[in-house]
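**Student:** A single structure is presented below for examination.
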Amino acid sequence: MPNTKIAGIGYYVPEKVVTNDDLTKIMDTTDEWIQERTGIRERRYGKKHKETTTTMGARAAEIAIQRAGIAKEEVDFIIFATLSPDYYFPGCGVLVQRELGITGSEAGALDIRNQCSGFVYGLSIADQFIKSGMYRNILLIGSEMHSMGLDFSTRGRNVTVIFGDGAGAVLLQPTDEPGKGILTTHLHSNGTYAEKLAFINPGAHGGYHAAHQEEQVDYHYSDAEYGEMFVNEYMVENGYIFPNMEGQFVFKMAVQKFPEVIMEALAKTGLQTSDINMFIPHQANLRISQFVQRKLGLSDDQVWNNIQRFGNTTAASVPIALCEAYEAGAVKEGDLVCLAAFGSGFTWGSALIRW
Ligand code: COA
């Protein structure tokens with residue numbers, strides 16, 4: 001059975017840089033608060049009406065495909081991870097196929113909704129398809145256009161300052177080189193706290209899960225038997241159409257689950273933290289990554305952080321950081337690379353790759 005290797009990798013971030021000071025002009029926040037709590041100095045925002053989650057994903061994908069040395073038409077399966085899709089449905093997988101101009105191949109396209117761990121989940125799915133021999137050229141994309149769906153009033157500041165736009169992509173292929181490629185992947189979730197970090201409306205929940213929410217929200221649904229709306233005026237007026245997050249709760253879970261799932265991967269492969277050449281954490285918050293680094297006893301040159309410049313780009317953060325590290329020469333042939341992510345759901349996962 002072959003292993004799965006990353007044959008090509010690429011990322012794309014929009015040109016527009018939005019600094020913390022830029023945000024202070026539209027909401028009550030400060031550069032000091034944001035940097036102290038999150039490490040973020042600036043993030044990128046896509047060009048509205050010109051760029052989308054799909055188009056950014058396509059730009060990253062083109063680089064990954066080109067670096068893999070294959071023609072776009074040879075992609076035989078697409079996996080697209082995002083929490084900010086262009087449409088409610090259909091998903092970005094088919095839209096990126098169209099954007100890349102490869103609809104003729106009629107390759108399968110799968111969208112996955114695993115938020116910050118979407119890329120690690122996608123990697124694991126692709127690995128199984130490749131190992132089984134079902135596909136040979138899988139395009140995996142993580143992309144987010146958060147700036148279209150954030151609350152830019154002071155009400156949303158705890159969430160809005162954290163997130164940025166961008167995309168990363170890899171082209172995955174089988175390899176027969178012994179010991180190379182994806183060595184192991186580990187996926188977990190726990191839905192108990194689904195609402196602690198969530199973007200609830202529009203949705204078809206009809207208020208069903210209200211009891212699980214910290215704030216007992218009455219979404220003001222009518223009693224009509226048919227034709228209920230996904231979003232109503234009350235939700236819009238009260239800001240229930242934006243992402244919400246209980247930051248401290250998320251923080252505590254993240255610093256527990258990151259080390260757990262990394263140690264699980266190391267134990268499975270008989271490796272140690274000292275064997276890791278490069279740890280690429282999902283860029284949730286610099287404080288979370290620093291905590292995990294300390295807990296695992298990793299040195300600064302074993303960890304790649306870029307949240308300072310891009311903010312949290314959710315499903316795109318791991319492939320963007322991995323691509324940056326690769327381009328900087330910090331990930332080399334034979335290196336052991338550890339990927340790990342944690343996010344809404346809660347869902348989390350890890351992967352070990354011998355480059
Ligand atoms: N600017 C200024 N003040 C802000 C603010 C902002 N952008 N956002 C929140 N505040 C205020 C709050 O209103 C609160 O004020 P109060 O004490 O007067 O009520 C105060 O800062 C503390 O808020 P709190 O939410 O408790 O802050 P915190 O120390 O937990 O930091 C986070 C908030 C979001 C930075 C932090 O909890 C965090 O990073 N959590 C993890 C988030 C994460 O990683 N999410 C992605 C997971 S994939």
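Residues are named by chain letter and number: chains run A, B, ... in the order of the structure tokens, numbers start at 1 in each chain, and ligands are numbered from 1 in the order shown.
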Might you pull out every residue within 8 Å of Ala167 (chain A), with only C-alpha atoms counted and same-chain residues fewer than 4 positions away left off, and present them as an MDAnalysis selection string?
**Tutor:** chainID A and resid 11:13 53 56:57 60 141:144 313 316:317 319:320
**Student:** Set the cut-off to 7 Å, count only C-alpha atoms and all ligand atoms, and list whatever residues fall near ligand 1 as a PyMOL selection string.
**Tutor:** chain A and resi 28-30+33-34+37-38+116+157-159+161+246-248+250-251+284-285+288+314+342-344
**Student:** Print the selection's residues with N, CA, C and O atoms to a file, as a compact mmCIF listing (two decimals), in the first residue's frame.
**Tutor:**
```
# COMPACT_ATOMS: atom_id res chain seq x y z
N ASP A 28 -14.61 49.69 18.94
CA ASP A 28 -13.89 50.07 20.14
C ASP A 28 -12.90 48.96 20.50
O ASP A 28 -13.24 47.99 21.19
N THR A 29 -11.67 49.11 20.01
CA THR A 29 -10.62 48.15 20.33
C THR A 29 -9.28 48.87 20.24
O THR A 29 -9.23 50.04 19.83
N THR A 30 -8.21 48.20 20.63
CA THR A 30 -6.89 48.83 20.54
C THR A 30 -5.87 47.81 20.00
O THR A 30 -6.03 46.60 20.17
N TRP A 33 -4.54 45.76 22.94
CA TRP A 33 -5.41 44.65 23.39
C TRP A 33 -5.27 43.45 22.45
O TRP A 33 -5.08 42.32 22.90
N ILE A 34 -5.34 43.73 21.16
CA ILE A 34 -5.32 42.62 20.19
C ILE A 34 -3.97 41.90 20.23
O ILE A 34 -3.91 40.67 20.29
N ARG A 37 -3.47 39.86 23.61
CA ARG A 37 -4.29 38.64 23.79
C ARG A 37 -4.11 37.60 22.68
O ARG A 37 -4.35 36.43 22.90
N THR A 38 -3.74 38.07 21.47
CA THR A 38 -3.75 37.13 20.34
C THR A 38 -2.43 37.07 19.56
O THR A 38 -2.22 36.14 18.78
N CYS A 116 -11.74 24.94 11.84
CA CYS A 116 -10.28 25.11 11.93
C CYS A 116 -9.52 23.81 11.69
O CYS A 116 -8.36 23.83 11.28
N ARG A 157 -16.47 42.56 18.44
CA ARG A 157 -15.01 42.76 18.44
C ARG A 157 -14.21 41.55 18.94
O ARG A 157 -13.09 41.32 18.48
N ASN A 158 -14.76 40.79 19.89
CA ASN A 158 -13.97 39.67 20.43
C ASN A 158 -13.70 38.61 19.36
O ASN A 158 -12.70 37.91 19.40
N VAL A 159 -14.59 38.52 18.36
CA VAL A 159 -14.42 37.54 17.27
C VAL A 159 -13.72 38.20 16.08
O VAL A 159 -12.74 37.67 15.53
N VAL A 161 -11.70 40.70 15.43
CA VAL A 161 -10.28 41.08 15.36
C VAL A 161 -9.38 39.88 15.09
O VAL A 161 -8.23 40.04 14.67
N GLU A 246 -17.16 31.91 22.84
CA GLU A 246 -16.83 32.10 24.25
C GLU A 246 -15.33 31.86 24.37
O GLU A 246 -14.88 30.72 24.56
N GLY A 247 -14.58 32.96 24.22
CA GLY A 247 -13.14 32.89 24.02
C GLY A 247 -12.38 32.10 25.07
O GLY A 247 -11.54 31.26 24.73
N GLN A 248 -12.66 32.36 26.34
CA GLN A 248 -11.85 31.71 27.38
C GLN A 248 -12.10 30.20 27.43
O GLN A 248 -11.19 29.41 27.67
N VAL A 250 -12.97 28.35 24.84
CA VAL A 250 -12.29 27.79 23.66
C VAL A 250 -10.79 27.66 23.94
O VAL A 250 -10.17 26.64 23.63
N PHE A 251 -10.23 28.69 24.54
CA PHE A 251 -8.81 28.71 24.86
C PHE A 251 -8.44 27.49 25.73
O PHE A 251 -7.49 26.76 25.43
N ALA A 284 -4.55 29.65 15.65
CA ALA A 284 -5.76 30.09 16.34
C ALA A 284 -5.50 31.37 17.10
O ALA A 284 -6.30 32.32 17.06
N ASN A 285 -4.38 31.39 17.78
CA ASN A 285 -4.04 32.48 18.67
C ASN A 285 -2.58 32.22 19.05
O ASN A 285 -2.23 31.10 19.41
N ILE A 288 -2.04 30.50 22.31
CA ILE A 288 -2.33 29.06 22.33
C ILE A 288 -1.11 28.30 21.79
O ILE A 288 -0.64 27.33 22.39
N THR A 314 -8.62 30.07 9.78
CA THR A 314 -9.42 28.84 9.95
C THR A 314 -8.89 27.68 9.07
O THR A 314 -7.77 27.27 9.25
N PHE A 342 -7.29 22.63 16.07
CA PHE A 342 -8.42 22.53 17.00
C PHE A 342 -9.38 23.67 16.66
O PHE A 342 -8.94 24.78 16.37
N GLY A 343 -10.67 23.39 16.72
CA GLY A 343 -11.60 24.48 16.46
C GLY A 343 -13.05 24.10 16.72
O GLY A 343 -13.34 23.08 17.36
N SER A 344 -13.92 24.94 16.19
CA SER A 344 -15.36 24.82 16.41
C SER A 344 -15.85 23.40 16.17
O SER A 344 -15.40 22.71 15.26
```
**Student:** As an exercise, work out the distance from CA of Pro259 (chain A) to CA of Pro178 (chain A) in Å and give it to one decimal place.
**Tutor:**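 Those two atoms sit 27.6 Å apart.
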**Student:** Determine, counting only C-alpha atoms, which protein, DNA and RNA residues have an atom within 10 Å of an atom of Arg309 (chain A); residues of the same chain fewer than 6 positions away are not included. Present the result as a ChimeraX atom specification.
**Tutor:** /A:17-19,39-44,164
**Student:** List the spatial neighbours of Glu228 (chain A) as a CSV table (one decimal) with C-alpha atoms, in the first residue's frame - criterion: any atom at most 12 Å away, only C-alpha atoms, same-chain residues fewer than 6 positions off excluded.
**Tutor:**
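Wrote it out as selection-v4.csv, contents follow:
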```
chain,number,residue,atom,x,y,z
A,202,PRO,CA,-28.8,31.1,8.7
A,203,GLY,CA,-29.6,27.6,9.6
A,204,ALA,CA,-32.5,25.1,9.7
A,205,HIS,CA,-32.4,24.6,13.4
A,206,GLY,CA,-35.7,26.4,14.1
A,207,GLY,CA,-34.5,27.2,17.6
A,219,TYR,CA,-34.9,33.5,17.7
A,220,HIS,CA,-38.5,34.7,17.3
A,221,TYR,CA,-39.7,32.0,15.0
A,222,SER,CA,-43.4,32.2,14.0
```
